[in-house]
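Participant: Contents of start02.pdb (PDB, N, CA and C atoms):
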ATOM      1  N   MET B  30     100.437 102.807 105.640
ATOM      2  CA  MET B  30     101.243 101.879 106.407
ATOM      3  C   MET B  30     102.704 102.245 106.221
ATOM      4  N   GLY B  31     103.353 102.764 107.234
ATOM      5  CA  GLY B  31     104.745 103.139 107.140
ATOM      6  C   GLY B  31     105.626 102.212 107.950
ATOM      7  N   SER B  32     106.879 102.157 107.601
ATOM      8  CA  SER B  32     107.815 101.306 108.316
ATOM      9  C   SER B  32     108.399 102.065 109.497
ATOM     10  N   LYS B  33     108.630 101.378 110.573
ATOM     11  CA  LYS B  33     109.259 101.970 111.759
ATOM     12  C   LYS B  33     110.783 101.830 111.680
ATOM     13  N   LEU B  34     111.279 101.152 110.668
ATOM     14  CA  LEU B  34     112.716 100.947 110.524
ATOM     15  C   LEU B  34     113.397 102.198 109.980
ATOM     16  N   ARG B  35     114.464 102.634 110.617
ATOM     17  CA  ARG B  35     115.194 103.819 110.165
ATOM     18  C   ARG B  35     115.776 103.625 108.771
ATOM     19  N   LEU B  36     116.036 102.379 108.402
ATOM     20  CA  LEU B  36     116.561 102.069 107.078
ATOM     21  C   LEU B  36     115.678 102.647 105.983
ATOM     22  N   PHE B  37     114.368 102.659 106.217
ATOM     23  CA  PHE B  37     113.428 103.127 105.211
ATOM     24  C   PHE B  37     112.973 104.571 105.420
ATOM     25  N   ALA B  38     113.598 105.280 106.343
ATOM     26  CA  ALA B  38     113.241 106.682 106.559
ATOM     27  C   ALA B  38     113.748 107.513 105.379
ATOM     28  N   PRO B  39     112.939 108.467 104.860
ATOM     29  CA  PRO B  39     113.412 109.316 103.760
ATOM     30  C   PRO B  39     114.676 110.057 104.163
ATOM     31  N   LYS B  40     115.635 110.144 103.237
ATOM     32  CA  LYS B  40     116.940 110.705 103.564
ATOM     33  C   LYS B  40     117.206 112.095 102.989
ATOM     34  N   GLY B  41     116.441 112.564 102.009
ATOM     35  CA  GLY B  41     116.699 113.876 101.423
ATOM     36  C   GLY B  41     117.926 113.868 100.527
ATOM     37  N   VAL B  42     118.092 112.866  99.703
ATOM     38  CA  VAL B  42     119.245 112.721  98.813
ATOM     39  C   VAL B  42     119.259 113.870  97.811
ATOM     40  N   PRO B  43     120.341 114.668  97.745
ATOM     41  CA  PRO B  43     120.345 115.897  96.949
ATOM     42  C   PRO B  43     120.704 115.763  95.456
ATOM     43  N   ILE B  44     120.877 114.562  94.939
ATOM     44  CA  ILE B  44     121.228 114.399  93.525
ATOM     45  C   ILE B  44     120.021 113.871  92.753
ATOM     46  N   PRO B  45     119.989 114.060  91.421
ATOM     47  CA  PRO B  45     118.867 113.515  90.652
ATOM     48  C   PRO B  45     118.743 112.006  90.895
ATOM     49  N   ALA B  46     117.518 111.559  91.103
ATOM     50  CA  ALA B  46     117.298 110.149  91.415
ATOM     51  C   ALA B  46     116.079 109.620  90.669
ATOM     52  N   ALA B  47     116.148 108.339  90.350
ATOM     53  CA  ALA B  47     115.053 107.648  89.674
ATOM     54  C   ALA B  47     114.742 106.374  90.455
ATOM     55  N   VAL B  48     113.474 105.988  90.464
ATOM     56  CA  VAL B  48     113.071 104.784  91.179
ATOM     57  C   VAL B  48     112.208 103.922  90.267
ATOM     58  N   SER B  49     112.630 102.682  90.111
ATOM     59  CA  SER B  49     111.845 101.683  89.402
ATOM     60  C   SER B  49     111.458 100.632  90.434
ATOM     61  N   VAL B  50     110.174 100.408  90.593
ATOM     62  CA  VAL B  50     109.685  99.480  91.606
ATOM     63  C   VAL B  50     109.362  98.141  90.946
ATOM     64  N   PHE B  51     110.124  97.133  91.325
ATOM     65  CA  PHE B  51     109.886  95.776  90.851
ATOM     66  C   PHE B  51     109.040  95.074  91.907
ATOM     67  N   PRO B  52     107.973  94.375  91.518
ATOM     68  CA  PRO B  52     106.999  93.855  92.483
ATOM     69  C   PRO B  52     107.528  92.850  93.503
ATOM     70  N   ASP B  53     108.593  92.139  93.201
ATOM     71  CA  ASP B  53     109.115  91.154  94.139
ATOM     72  C   ASP B  53     110.298  91.677  94.949
ATOM     73  N   GLU B  54     110.496  92.983  94.956
ATOM     74  CA  GLU B  54     111.563  93.615  95.732
ATOM     75  C   GLU B  54     111.183  93.563  97.220
ATOM     76  N   ILE B  55     112.166  93.670  98.086
ATOM     77  CA  ILE B  55     111.952  93.630  99.534
ATOM     78  C   ILE B  55     111.072  94.789  99.982
ATOM     79  N   TYR B  56     111.324  95.983  99.444
ATOM     80  CA  TYR B  56     110.554  97.175  99.800
ATOM     81  C   TYR B  56     110.089  97.834  98.514
ATOM     82  N   ALA B  57     108.808  97.896  98.294
ATOM     83  CA  ALA B  57     108.245  98.562  97.117
ATOM     84  C   ALA B  57     107.971 100.009  97.501
ATOM     85  N   ALA B  58     108.886 100.881  97.169
ATOM     86  CA  ALA B  58     108.794 102.282  97.573
ATOM     87  C   ALA B  58     107.578 102.970  96.955
ATOM     88  N   PRO B  59     106.690 103.503  97.789
ATOM     89  CA  PRO B  59     105.565 104.260  97.252
ATOM     90  C   PRO B  59     106.066 105.589  96.671
ATOM     91  N   LYS B  60     105.343 106.110  95.716
ATOM     92  CA  LYS B  60     105.760 107.367  95.085
ATOM     93  C   LYS B  60     105.828 108.500  96.115
ATOM     94  N   THR B  61     104.912 108.532  97.069
ATOM     95  CA  THR B  61     104.925 109.594  98.079
ATOM     96  C   THR B  61     106.206 109.554  98.914
ATOM     97  N   TRP B  62     106.667 108.370  99.274
ATOM     98  CA  TRP B  62     107.920 108.233 100.023
ATOM     99  C   TRP B  62     109.094 108.679  99.155
ATOM    100  N   THR B  63     109.072 108.269  97.900
ATOM    101  CA  THR B  63     110.149 108.589  96.972
ATOM    102  C   THR B  63     110.307 110.095  96.824
ATOM    103  N   GLU B  64     109.215 110.802  96.712
ATOM    104  CA  GLU B  64     109.265 112.259  96.563
ATOM    105  C   GLU B  64     109.873 112.931  97.787
ATOM    106  N   LYS B  65     109.648 112.365  98.974
ATOM    107  CA  LYS B  65     110.244 112.915 100.203
ATOM    108  C   LYS B  65     111.729 112.581 100.299
ATOM    109  N   ALA B  66     112.080 111.376  99.921
ATOM    110  CA  ALA B  66     113.457 110.903 100.057
ATOM    111  C   ALA B  66     114.400 111.541  99.051
ATOM    112  N   TYR B  67     113.872 111.863  97.882
ATOM    113  CA  TYR B  67     114.702 112.378  96.792
ATOM    114  C   TYR B  67     114.147 113.710  96.285
ATOM    115  N   PRO B  68     114.584 114.837  96.842
ATOM    116  CA  PRO B  68     114.075 116.144  96.419
ATOM    117  C   PRO B  68     114.262 116.419  94.912
ATOM    118  N   LYS B  69     115.272 115.823  94.303
ATOM    119  CA  LYS B  69     115.501 116.002  92.869
ATOM    120  C   LYS B  69     115.048 114.762  92.098
ATOM    121  N   PHE B  70     113.947 114.218  92.525
ATOM    122  CA  PHE B  70     113.323 113.039  91.953
ATOM    123  C   PHE B  70     112.927 113.312  90.497
ATOM    124  N   ILE B  71     113.376 112.458  89.556
ATOM    125  CA  ILE B  71     113.111 112.700  88.137
ATOM    126  C   ILE B  71     112.297 111.612  87.449
ATOM    127  N   TYR B  72     112.128 110.440  88.075
ATOM    128  CA  TYR B  72     111.453 109.342  87.388
ATOM    129  C   TYR B  72     110.967 108.301  88.385
ATOM    130  N   TYR B  73     109.769 107.786  88.134
ATOM    131  CA  TYR B  73     109.198 106.725  88.970
ATOM    132  C   TYR B  73     108.368 105.819  88.072
ATOM    133  N   ASN B  74     108.520 104.505  88.235
ATOM    134  CA  ASN B  74     107.738 103.566  87.451
ATOM    135  C   ASN B  74     107.598 102.254  88.219
ATOM    136  N   ARG B  75     106.430 101.633  88.084
ATOM    137  CA  ARG B  75     106.181 100.300  88.648
ATOM    138  C   ARG B  75     106.229  99.296  87.510
ATOM    139  N   LEU B  76     106.987  98.232  87.691
ATOM    140  CA  LEU B  76     107.170  97.224  86.662
ATOM    141  C   LEU B  76     106.295  96.004  86.922
ATOM    142  N   PRO B  77     105.981  95.235  85.877
ATOM    143  CA  PRO B  77     105.104  94.075  86.032
ATOM    144  C   PRO B  77     105.767  92.841  86.627
ATOM    145  N   LYS B  78     107.102  92.758  86.545
ATOM    146  CA  LYS B  78     107.789  91.580  87.084
ATOM    147  C   LYS B  78     109.225  91.925  87.435
ATOM    148  N   GLY B  79     109.814  91.095  88.271
ATOM    149  CA  GLY B  79     111.192  91.308  88.703
ATOM    150  C   GLY B  79     111.270  91.498  90.197
ATOM    151  N   GLY B  80     112.488  91.409  90.716
ATOM    152  CA  GLY B  80     112.677  91.533  92.152
ATOM    153  C   GLY B  80     113.998  92.176  92.496
ATOM    154  N   HIS B  81     114.572  91.754  93.595
ATOM    155  CA  HIS B  81     115.799  92.347  94.128
ATOM    156  C   HIS B  81     116.961  92.266  93.137
ATOM    157  N   PHE B  82     117.008  91.241  92.346
ATOM    158  CA  PHE B  82     118.078  91.077  91.366
ATOM    159  C   PHE B  82     117.546  91.320  89.957
ATOM    160  N   ALA B  83     116.833  92.417  89.784
ATOM    161  CA  ALA B  83     116.160  92.727  88.518
ATOM    162  C   ALA B  83     117.110  92.751  87.323
ATOM    163  N   ALA B  84     118.332  93.210  87.508
ATOM    164  CA  ALA B  84     119.282  93.262  86.389
ATOM    165  C   ALA B  84     119.551  91.873  85.819
ATOM    166  N   TRP B  85     119.501  90.848  86.651
ATOM    167  CA  TRP B  85     119.703  89.466  86.186
ATOM    168  C   TRP B  85     118.382  88.802  85.809
ATOM    169  N   GLU B  86     117.340  89.128  86.574
ATOM    170  CA  GLU B  86     116.044  88.490  86.355
ATOM    171  C   GLU B  86     115.331  89.016  85.113
ATOM    172  N   GLN B  87     115.400  90.323  84.919
ATOM    173  CA  GLN B  87     114.687  90.987  83.830
ATOM    174  C   GLN B  87     115.612  91.997  83.152
ATOM    175  N   PRO B  88     116.691  91.549  82.499
ATOM    176  CA  PRO B  88     117.676  92.486  81.963
ATOM    177  C   PRO B  88     117.113  93.479  80.941
ATOM    178  N   GLU B  89     116.154  93.056  80.123
ATOM    179  CA  GLU B  89     115.584  93.985  79.144
ATOM    180  C   GLU B  89     114.780  95.085  79.838
ATOM    181  N   LEU B  90     113.927  94.707  80.779
ATOM    182  CA  LEU B  90     113.162  95.713  81.524
ATOM    183  C   LEU B  90     114.090  96.648  82.293
ATOM    184  N   PHE B  91     115.093  96.073  82.927
ATOM    185  CA  PHE B  91     116.027  96.872  83.718
ATOM    186  C   PHE B  91     116.754  97.898  82.848
ATOM    187  N   SER B  92     117.267  97.472  81.698
ATOM    188  CA  SER B  92     118.000  98.408  80.828
ATOM    189  C   SER B  92     117.064  99.458  80.237
ATOM    190  N   GLU B  93     115.820  99.090  79.932
ATOM    191  CA  GLU B  93     114.842 100.074  79.452
ATOM    192  C   GLU B  93     114.555 101.118  80.530
ATOM    193  N   GLU B  94     114.480 100.671  81.777
ATOM    194  CA  GLU B  94     114.242 101.581  82.893
ATOM    195  C   GLU B  94     115.391 102.567  83.074
ATOM    196  N   ILE B  95     116.612 102.086  82.976
ATOM    197  CA  ILE B  95     117.774 102.974  83.108
ATOM    198  C   ILE B  95     117.727 104.054  82.029
ATOM    199  N   ARG B  96     117.464 103.644  80.804
ATOM    200  CA  ARG B  96     117.387 104.612  79.697
ATOM    201  C   ARG B  96     116.263 105.620  79.911
ATOM    202  N   ALA B  97     115.086 105.139  80.265
ATOM    203  CA  ALA B  97     113.944 106.019  80.471
ATOM    204  C   ALA B  97     114.171 106.976  81.649
ATOM    205  N   ALA B  98     114.751 106.459  82.702
ATOM    206  CA  ALA B  98     114.951 107.249  83.907
ATOM    207  C   ALA B  98     115.863 108.445  83.683
ATOM    208  N   PHE B  99     116.899 108.266  82.930
ATOM    209  CA  PHE B  99     117.884 109.332  82.783
ATOM    210  C   PHE B  99     117.859 110.032  81.425
ATOM    211  N   ARG B 100     116.832 109.724  80.639
ATOM    212  CA  ARG B 100     116.677 110.368  79.327
ATOM    213  C   ARG B 100     116.629 111.888  79.459
ATOM    214  N   SER B 101     115.959 112.388  80.463
ATOM    215  CA  SER B 101     115.824 113.834  80.617
ATOM    216  C   SER B 101     117.149 114.537  80.950
ATOM    217  N   LEU B 102     118.163 113.790  81.335
ATOM    218  CA  LEU B 102     119.461 114.383  81.689
ATOM    219  C   LEU B 102     120.439 114.395  80.526
ATOM    220  N   ARG B 103     120.047 113.877  79.391
ATOM    221  CA  ARG B 103     120.944 113.809  78.233
ATOM    222  C   ARG B 103     121.214 115.176  77.669
TER     223      ARG B 103
END
Can I see the file as structure tokens?

Facilitator:
Amino acid sequence: MGSKLRLFAPKGVPIPAAVSVFPDEIYAAPKTWTEKAYPKFIYYNRLPKGGHFAAWEQPELFSEEIRAAFRSLR
């Protein structure tokens, strides 16, 4: 099931990118879409809770995700 909205079309972003999918987010990016959108894709994870404002809703999970996502770039 793909979206017809151009907003969600893969863009080919050329910088390292990480995606954390929070279940209550507006768009839960599938890993296959993420790999197309971000050629330098380095991290993907699905979280058990949180939404669009994950940094406020789940600050511990959010900060753990940031650390995990960019650990390989240290």

Participant: Where does DSSP see strand (DSSP E) in chain B, if you list the residues as a PyMOL selection string?

Facilitator: chain B and resi 46-50+70-75

Participant: Taking the file as I've supplied it (selection: the PyMOL selection byres ((chain B and resi 71-77) around 6.5)), which residues are included? Please answer as a ChimeraX atom specification.

Facilitator: /B:45-52,69-70,78-79,98

Participant: Please write the residues from the selection above to a file, keeping N, CA and C atoms, as a JSON list (two decimals), keeping the file's coordinate frame.

Facilitator:
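Resulting contents of part_2.json:
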[["chain", "number", "residue", "atom", "x", "y", "z"],
["B", 45, "PRO", "N", 119.99, 114.06, 91.42],
["B", 45, "PRO", "CA", 118.87, 113.52, 90.65],
["B", 45, "PRO", "C", 118.74, 112.01, 90.90],
["B", 46, "ALA", "N", 117.52, 111.56, 91.10],
["B", 46, "ALA", "CA", 117.30, 110.15, 91.42],
["B", 46, "ALA", "C", 116.08, 109.62, 90.67],
["B", 47, "ALA", "N", 116.15, 108.34, 90.35],
["B", 47, "ALA", "CA", 115.05, 107.65, 89.67],
["B", 47, "ALA", "C", 114.74, 106.37, 90.46],
["B", 48, "VAL", "N", 113.47, 105.99, 90.46],
["B", 48, "VAL", "CA", 113.07, 104.78, 91.18],
["B", 48, "VAL", "C", 112.21, 103.92, 90.27],
["B", 49, "SER", "N", 112.63, 102.68, 90.11],
["B", 49, "SER", "CA", 111.84, 101.68, 89.40],
["B", 49, "SER", "C", 111.46, 100.63, 90.43],
["B", 50, "VAL", "N", 110.17, 100.41, 90.59],
["B", 50, "VAL", "CA", 109.68, 99.48, 91.61],
["B", 50, "VAL", "C", 109.36, 98.14, 90.95],
["B", 51, "PHE", "N", 110.12, 97.13, 91.32],
["B", 51, "PHE", "CA", 109.89, 95.78, 90.85],
["B", 51, "PHE", "C", 109.04, 95.07, 91.91],
["B", 52, "PRO", "N", 107.97, 94.38, 91.52],
["B", 52, "PRO", "CA", 107.00, 93.86, 92.48],
["B", 52, "PRO", "C", 107.53, 92.85, 93.50],
["B", 69, "LYS", "N", 115.27, 115.82, 94.30],
["B", 69, "LYS", "CA", 115.50, 116.00, 92.87],
["B", 69, "LYS", "C", 115.05, 114.76, 92.10],
["B", 70, "PHE", "N", 113.95, 114.22, 92.52],
["B", 70, "PHE", "CA", 113.32, 113.04, 91.95],
["B", 70, "PHE", "C", 112.93, 113.31, 90.50],
["B", 78, "LYS", "N", 107.10, 92.76, 86.54],
["B", 78, "LYS", "CA", 107.79, 91.58, 87.08],
["B", 78, "LYS", "C", 109.22, 91.92, 87.44],
["B", 79, "GLY", "N", 109.81, 91.10, 88.27],
["B", 79, "GLY", "CA", 111.19, 91.31, 88.70],
["B", 79, "GLY", "C", 111.27, 91.50, 90.20],
["B", 98, "ALA", "N", 114.75, 106.46, 82.70],
["B", 98, "ALA", "CA", 114.95, 107.25, 83.91],
["B", 98, "ALA", "C", 115.86, 108.44, 83.68]]

Participant: Counting only N, CA and C atoms, I want the residues whose atoms come within 6 Å of (113.2, 113.6, 104.4) in the file frame, returned as a PyMOL selection string.

Facilitator: chain B and resi 39-41+65-66

Participant: To one decimal place, how far is CA of Thr61 in chain B from CA of Pro43 in chain B in Å?

Facilitator: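 Distance reported for this atom pair: 16.7 Å.
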
Participant: Box for range 44-56 of chain B: with edges along x, y and z, all listed atoms inside and 6 Å added on each side, what are the centre and edge lengths in Å to one decimal, as JSON?

Facilitator:
{"center_x": 114.1, "center_y": 102.9, "center_z": 94.7, "size_x": 26.2, "size_y": 35.4, "size_z": 22.6}

Participant: Any chance you could list, as a count of residues only, the residues in chain B that come up alpha helix (DSSP H) when DSSP is run on the backbone?

Facilitator: 23

Participant: Enter the distance from atom N of Leu102 in chain B to CA of Ala57 in chain B, in Å, rounded to one decimal.

Facilitator: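 A separation of 24.1 Å between them.
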
Participant: I'd like the interatomic distance between atom C of Thr63 in chain B and atom N of Phe82 in chain B, to a tenth of an Å.

Facilitator: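 Computing it gives 20.5 Å between the two atoms.
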
Participant: For range 48-59 of chain B, which lacks atoms in the input, supply all heavy atoms and format the output as a PDB file, in the coordinates of the input.

Facilitator:
ATOM      1  N   VAL B  48     113.474 105.988  90.464  1.00  0.00           N
ATOM      2  CA  VAL B  48     113.071 104.784  91.179  1.00  0.00           C
ATOM      3  C   VAL B  48     112.208 103.922  90.267  1.00  0.00           C
ATOM      4  O   VAL B  48     111.206 104.387  89.727  1.00  0.00           O
ATOM      5  CB  VAL B  48     112.295 105.130  92.467  1.00  0.00           C
ATOM      6  CG1 VAL B  48     111.733 103.879  93.114  1.00  0.00           C
ATOM      7  CG2 VAL B  48     113.180 105.880  93.437  1.00  0.00           C
ATOM      8  N   SER B  49     112.630 102.682  90.111  1.00  0.00           N
ATOM      9  CA  SER B  49     111.845 101.683  89.402  1.00  0.00           C
ATOM     10  C   SER B  49     111.458 100.632  90.434  1.00  0.00           C
ATOM     11  O   SER B  49     112.320 100.057  91.090  1.00  0.00           O
ATOM     12  CB  SER B  49     112.677 101.028  88.291  1.00  0.00           C
ATOM     13  OG  SER B  49     113.031 101.984  87.313  1.00  0.00           O
ATOM     14  N   VAL B  50     110.174 100.408  90.593  1.00  0.00           N
ATOM     15  CA  VAL B  50     109.685  99.480  91.606  1.00  0.00           C
ATOM     16  C   VAL B  50     109.362  98.141  90.946  1.00  0.00           C
ATOM     17  O   VAL B  50     108.460  98.044  90.120  1.00  0.00           O
ATOM     18  CB  VAL B  50     108.432 100.039  92.314  1.00  0.00           C
ATOM     19  CG1 VAL B  50     107.907  99.049  93.337  1.00  0.00           C
ATOM     20  CG2 VAL B  50     108.753 101.374  92.967  1.00  0.00           C
ATOM     21  N   PHE B  51     110.124  97.133  91.325  1.00  0.00           N
ATOM     22  CA  PHE B  51     109.886  95.776  90.851  1.00  0.00           C
ATOM     23  C   PHE B  51     109.040  95.074  91.907  1.00  0.00           C
ATOM     24  O   PHE B  51     109.333  95.172  93.102  1.00  0.00           O
ATOM     25  CB  PHE B  51     111.219  95.053  90.611  1.00  0.00           C
ATOM     26  CG  PHE B  51     111.980  95.624  89.446  1.00  0.00           C
ATOM     27  CD1 PHE B  51     112.851  96.687  89.618  1.00  0.00           C
ATOM     28  CD2 PHE B  51     111.806  95.106  88.170  1.00  0.00           C
ATOM     29  CE1 PHE B  51     113.538  97.224  88.543  1.00  0.00           C
ATOM     30  CE2 PHE B  51     112.495  95.631  87.086  1.00  0.00           C
ATOM     31  CZ  PHE B  51     113.364  96.691  87.272  1.00  0.00           C
ATOM     32  N   PRO B  52     107.973  94.375  91.518  1.00  0.00           N
ATOM     33  CA  PRO B  52     106.999  93.855  92.483  1.00  0.00           C
ATOM     34  C   PRO B  52     107.528  92.850  93.503  1.00  0.00           C
ATOM     35  O   PRO B  52     106.966  92.737  94.592  1.00  0.00           O
ATOM     36  CB  PRO B  52     105.927  93.205  91.600  1.00  0.00           C
ATOM     37  CG  PRO B  52     106.608  92.921  90.317  1.00  0.00           C
ATOM     38  CD  PRO B  52     107.651  93.994  90.150  1.00  0.00           C
ATOM     39  N   ASP B  53     108.593  92.139  93.201  1.00  0.00           N
ATOM     40  CA  ASP B  53     109.115  91.154  94.139  1.00  0.00           C
ATOM     41  C   ASP B  53     110.298  91.677  94.949  1.00  0.00           C
ATOM     42  O   ASP B  53     111.022  90.912  95.573  1.00  0.00           O
ATOM     43  CB  ASP B  53     109.499  89.869  93.399  1.00  0.00           C
ATOM     44  CG  ASP B  53     108.298  89.205  92.754  1.00  0.00           C
ATOM     45  OD1 ASP B  53     107.194  89.296  93.329  1.00  0.00           O
ATOM     46  OD2 ASP B  53     108.451  88.610  91.670  1.00  0.00           O
ATOM     47  N   GLU B  54     110.496  92.983  94.956  1.00  0.00           N
ATOM     48  CA  GLU B  54     111.563  93.615  95.732  1.00  0.00           C
ATOM     49  C   GLU B  54     111.183  93.563  97.220  1.00  0.00           C
ATOM     50  O   GLU B  54     110.007  93.467  97.579  1.00  0.00           O
ATOM     51  CB  GLU B  54     111.750  95.057  95.263  1.00  0.00           C
ATOM     52  CG  GLU B  54     112.810  95.852  95.981  1.00  0.00           C
ATOM     53  CD  GLU B  54     114.194  95.245  95.964  1.00  0.00           C
ATOM     54  OE1 GLU B  54     114.477  94.419  96.860  1.00  0.00           O
ATOM     55  OE2 GLU B  54     114.988  95.584  95.093  1.00  0.00           O
ATOM     56  N   ILE B  55     112.166  93.670  98.086  1.00  0.00           N
ATOM     57  CA  ILE B  55     111.952  93.630  99.534  1.00  0.00           C
ATOM     58  C   ILE B  55     111.072  94.789  99.982  1.00  0.00           C
ATOM     59  O   ILE B  55     110.172  94.629 100.787  1.00  0.00           O
ATOM     60  CB  ILE B  55     113.312  93.665 100.271  1.00  0.00           C
ATOM     61  CG1 ILE B  55     114.099  92.408  99.944  1.00  0.00           C
ATOM     62  CG2 ILE B  55     113.104  93.821 101.775  1.00  0.00           C
ATOM     63  CD1 ILE B  55     115.562  92.472 100.342  1.00  0.00           C
ATOM     64  N   TYR B  56     111.324  95.983  99.444  1.00  0.00           N
ATOM     65  CA  TYR B  56     110.554  97.175  99.800  1.00  0.00           C
ATOM     66  C   TYR B  56     110.089  97.834  98.514  1.00  0.00           C
ATOM     67  O   TYR B  56     110.916  98.292  97.719  1.00  0.00           O
ATOM     68  CB  TYR B  56     111.416  98.137 100.617  1.00  0.00           C
ATOM     69  CG  TYR B  56     110.714  99.421 100.983  1.00  0.00           C
ATOM     70  CD1 TYR B  56     109.666  99.425 101.895  1.00  0.00           C
ATOM     71  CD2 TYR B  56     111.095 100.633 100.424  1.00  0.00           C
ATOM     72  CE1 TYR B  56     109.020 100.596 102.240  1.00  0.00           C
ATOM     73  CE2 TYR B  56     110.456 101.808 100.773  1.00  0.00           C
ATOM     74  CZ  TYR B  56     109.418 101.789 101.679  1.00  0.00           C
ATOM     75  OH  TYR B  56     108.779 102.948 102.027  1.00  0.00           O
ATOM     76  N   ALA B  57     108.808  97.896  98.294  1.00  0.00           N
ATOM     77  CA  ALA B  57     108.245  98.562  97.117  1.00  0.00           C
ATOM     78  C   ALA B  57     107.971 100.009  97.501  1.00  0.00           C
ATOM     79  O   ALA B  57     106.954 100.327  98.122  1.00  0.00           O
ATOM     80  CB  ALA B  57     106.970  97.867  96.676  1.00  0.00           C
ATOM     81  N   ALA B  58     108.886 100.881  97.169  1.00  0.00           N
ATOM     82  CA  ALA B  58     108.794 102.282  97.573  1.00  0.00           C
ATOM     83  C   ALA B  58     107.578 102.970  96.955  1.00  0.00           C
ATOM     84  O   ALA B  58     107.457 103.034  95.738  1.00  0.00           O
ATOM     85  CB  ALA B  58     110.056 103.020  97.157  1.00  0.00           C
ATOM     86  N   PRO B  59     106.690 103.503  97.789  1.00  0.00           N
ATOM     87  CA  PRO B  59     105.565 104.260  97.252  1.00  0.00           C
ATOM     88  C   PRO B  59     106.066 105.589  96.671  1.00  0.00           C
ATOM     89  O   PRO B  59     107.095 106.126  97.100  1.00  0.00           O
ATOM     90  CB  PRO B  59     104.673 104.527  98.462  1.00  0.00           C
ATOM     91  CG  PRO B  59     105.236 103.766  99.595  1.00  0.00           C
ATOM     92  CD  PRO B  59     106.620 103.364  99.235  1.00  0.00           C
TER      93      PRO B  59
END
